[in-house]
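Let me begin by presenting the structure, written as structure tokens, before commenting on it.
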Amino acid sequence: MRARNRLTAGFLKSPPVGKHCDGAGLWLVVREDGGAQWVLRVTVHGRRREMGLGGFPSLGLAEARKLAGRWRDVAAAGRDPIKEREAEERAARREDISLAVLTHDTFEARKAELKGDGKAGRWLSPLTLHVLPKLGKVPVTDLDQRDIRDTLAPLWHTKADTARKALNRLSIVMKHAAALGLDVDLQATEKAKALLGRSRHVPKNIPAMAWTDVPAFYASLEEPTPTHLALRLLILTGVRSSPLRNIRLDQIDGDVWTIPAEAMKGRKGATGAFRVPLSTEAQRVIDLARPHARNGFLFPNNRQGVISDMTLSRHMERRGLEARPHGFRSSLRDWLAEATDAPHEVAEAMLAHVVDGGTVRAYRRTDFLEQRAKLAARWADHVTSSTGQVANSLEAQ
């Protein structure tokens, strides 16, 4: 048998950098940054396994030897100590299998897939606002379609889109719980949907301004304030409010603005960043906004963040307008359809819409930047004109 208990309390008062063996597979690994960790090496079914036992000195020598002895016995019995410990941790987590806890676990597991790692809270909000207050303490193993139906019924005919998102998120949480080995009803959300029946709610599109009316509104944004300049750039580029409000100076390179993939709706991951062609007018607006820049952001607010979406919306409300900032994307799309002969895929690319399947996109590498630049210039000519003349070709008239 290998010698054990080689290390002494005196040696551990100031152990040097390196790996120090206590015997029988127990090692103290001291890093150059001063941190240290106990590591146990065992062999199970002819395969060497190495497991961390804890940090030193929070885990002392005596405790480390005791813990190592426990896991050596597990290995001697032919069981993998790492898998055994993971099973114990899962069992401990199951002590609280409430919907609130599982929702948090699901979000933590998925947030890397979400825009901005889900920091805006939009993935969680349908559950935190409308489901967890009523069902958060219910064990997921007890959750059934009647619970879900009764919770979402008040929303089903008034806020159908919110209820639909809540059902979708609940389904993901239930699948996550099932993957953890919990006995849940994976069909509960679909059954609840069947019980709720057909929604009477008729969704309303975000009010948009007619493209023929945009030049007059654009001309009214004559003050070089962040609000006016942000609305101008929003109109000129056709992007969504969030990337526009969070635009950074280092994202602008001449006549191209590159929006990071994580800031683009539906484009995170394989789709990549999105390049926005900047017309001469758009570049002029950016130059006017540069004196307002702070911490790298072109449109900062009065504190530490950036100008809010509500600031832009309230400006239009105070003007007595029904249209909202997001509606300018519709204005641009209608102009593309009615005043140009832009191909469908180019027109959709102007709005950063993802079209076609993944296979088609994999082979079609172009983002139509050159064609979009011409259309952006013509759109700028339209919104800065007083007549709103119609052009009928992709080439500038």
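A note on labels: chains of the structure tokens are A, B, ... as shown, every chain counts residues from 1, and ligands are counted from 1 in their shown order.
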- Could you pull out the helix (DSSP H, G or I) residues of stretch 14-148 of chain A from DSSP and send them as number ranges by chain? A: 61-76, 81-93, 99-113, 115-118, 125-130, 132-135, 140-142, 145-148
- Among stretch 163-372 of chain A, which ones does DSSP place in strand (DSSP E or B), written as a VMD selection string? chain A and resid 248 252 to 253 256 to 259 274 to 277 294 297 300 306
Just the selected residues (N, CA and C atoms), exported as a compact mmCIF listing (two decimals), in the first residue's frame, please.
# COMPACT_ATOMS: atom_id res chain seq x y z
N ARG A 248 -22.59 52.30 -30.79
CA ARG A 248 -21.31 52.74 -30.26
C ARG A 248 -20.45 53.31 -31.39
N ILE A 252 -18.90 52.06 -35.99
CA ILE A 252 -19.04 52.82 -37.23
C ILE A 252 -17.69 52.91 -37.93
N ASP A 253 -17.67 52.50 -39.17
CA ASP A 253 -16.45 52.57 -39.98
C ASP A 253 -16.81 53.17 -41.33
N VAL A 256 -20.30 52.41 -43.16
CA VAL A 256 -20.89 51.14 -42.71
C VAL A 256 -20.94 51.10 -41.19
N TRP A 257 -22.08 50.74 -40.67
CA TRP A 257 -22.27 50.53 -39.23
C TRP A 257 -22.49 49.04 -39.03
N THR A 258 -21.64 48.40 -38.23
CA THR A 258 -21.74 46.96 -37.98
C THR A 258 -22.35 46.72 -36.61
N ILE A 259 -23.53 46.12 -36.61
CA ILE A 259 -24.23 45.81 -35.36
C ILE A 259 -23.82 44.40 -34.92
N PHE A 274 -24.56 42.26 -38.34
CA PHE A 274 -25.33 42.83 -39.44
C PHE A 274 -24.73 44.17 -39.84
N ARG A 275 -24.41 44.31 -41.12
CA ARG A 275 -23.84 45.55 -41.63
C ARG A 275 -24.94 46.47 -42.15
N VAL A 276 -24.93 47.70 -41.69
CA VAL A 276 -25.92 48.69 -42.10
C VAL A 276 -25.23 49.74 -42.97
N PRO A 277 -25.65 49.90 -44.23
CA PRO A 277 -25.06 50.94 -45.06
C PRO A 277 -25.53 52.32 -44.59
N ARG A 294 -20.85 59.68 -25.06
CA ARG A 294 -20.23 59.50 -23.76
C ARG A 294 -20.02 58.01 -23.51
N PHE A 297 -20.85 55.57 -26.30
CA PHE A 297 -22.21 55.51 -26.85
C PHE A 297 -22.56 56.82 -27.54
N PRO A 300 -26.18 58.65 -25.34
CA PRO A 300 -26.29 58.37 -23.90
C PRO A 300 -27.44 59.13 -23.28
N VAL A 306 -28.13 54.53 -21.89
CA VAL A 306 -28.38 55.14 -23.19
C VAL A 306 -29.82 55.65 -23.22
- Shell around A:Asp80 at 12 Å using only C-alpha atoms, local window under 6 positions removed, as a PyMOL selection string: chain A and resi 41-51+71-74+86-87
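Across A:Phe368, A:Phe56, A:Phe107, A:Trp379, the tightest approach to A:Leu233 is made by A:Trp379 when counting only C-alpha atoms.
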- Have a look at A:Val30, A:Ala112, A:Ala230, A:Val140 and name the one nearest to A:Ala178; count only C-alpha atoms.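 For A:Ala178, the nearest of the candidates is A:Val140.
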- Query: Out of A:Leu180, A:Lys137, A:Ala68, A:Ala194, which residue has the shortest atom-to-atom distance to A:Ala153 when counting only C-alpha atoms?
  - Reply: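 Ranked by minimum distance to A:Ala153, first place goes to A:Ala194.
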- Message: Calculated over only C-alpha atoms, which of the candidates A:Asp381, A:Asp144, A:Asp213, A:Glu108 has the smallest distance to A:Lys193?
- Response: A:Asp144
- Mind giving me the straight-line distance from atom CA of A:Pro207 to atom CA of A:Gly327 in Å, one decimal? 5.8 Å
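Counting from atom CA of A:Ser331, the distance to atom CA of A:Val285 is 19.6 Å.
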- Query: Pick the closest to A:Ser279 from A:Met310, A:Ala208, A:Ala380, A:Leu12: which is it, counting only C-alpha atoms?
  - Reply: A:Ala380
With the cut-off set at 8 Å and counting only C-alpha atoms, tabulate each residue of stretch 155-265 of chain A with an atom at most that distance from an atom of stretch 147-151 of chain A, showing the nearest atom pair and its distance in Å to one decimal, ordered by chain and increasing number, as a tab-separated table.
residue	atom	partner	partner_atom	distance
A:Ala188	CA	A:Ile148	CA	7.9
A:Thr189	CA	A:Ile148	CA	7.1
A:Ala192	CA	A:Arg149	CA	5.1
A:Lys193	CA	A:Arg149	CA	7.3
A:Leu195	CA	A:Arg149	CA	6.7
A:Leu196	CA	A:Arg149	CA	6.2
Near A:Leu186, counting only C-alpha atoms, which residues have an atom at most 10 Å away, once you skip same-chain residues fewer than 5 positions from it, shown as an mmCIF file with C-alpha atoms, in the first residue's frame?
data_model
loop_
_atom_site.group_PDB
_atom_site.id
_atom_site.type_symbol
_atom_site.label_atom_id
_atom_site.label_comp_id
_atom_site.auth_asym_id
_atom_site.auth_seq_id
_atom_site.Cartn_x
_atom_site.Cartn_y
_atom_site.Cartn_z
ATOM 1 C CA ASP A 144 -50.777 20.120 -14.580
ATOM 2 C CA LEU A 170 -43.280 27.033 -19.476
ATOM 3 C CA SER A 171 -42.836 24.268 -22.026
ATOM 4 C CA ILE A 172 -39.074 24.900 -22.077
ATOM 5 C CA VAL A 173 -38.922 24.844 -18.274
ATOM 6 C CA MET A 174 -40.787 21.519 -18.189
ATOM 7 C CA LYS A 175 -38.377 20.013 -20.731
ATOM 8 C CA HIS A 176 -35.460 21.228 -18.632
ATOM 9 C CA ALA A 177 -36.995 19.600 -15.570
ATOM 10 C CA ALA A 178 -37.474 16.345 -17.483
ATOM 11 C CA LYS A 191 -53.238 20.403 -22.852
#
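Residues with any atom within 12 Å of A:Arg85, counting only C-alpha atoms and excluding same-chain neighbours fewer than 6 positions away, are Met51, Gly52, Leu53, Leu67, Arg70, Trp71, Val74, Ala75, Arg79, Ala91 and Ala92 of chain A.
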Just the selected residues (C-alpha atoms), exported as a compact mmCIF listing (two decimals), in the first residue's frame, please.
# COMPACT_ATOMS: atom_id res chain seq x y z
CA MET A 51 -11.73 15.00 -8.88
CA GLY A 52 -11.43 18.24 -7.00
CA LEU A 53 -12.29 18.01 -3.33
CA LEU A 67 -13.17 13.21 2.22
CA ARG A 70 -14.79 8.36 1.45
CA TRP A 71 -14.33 8.67 -2.29
CA VAL A 74 -16.60 4.46 -3.58
CA ALA A 75 -13.96 3.82 -6.25
CA ARG A 79 -18.38 3.12 -8.76
CA ALA A 91 -30.70 14.79 -5.36
CA ALA A 92 -29.99 17.80 -3.14
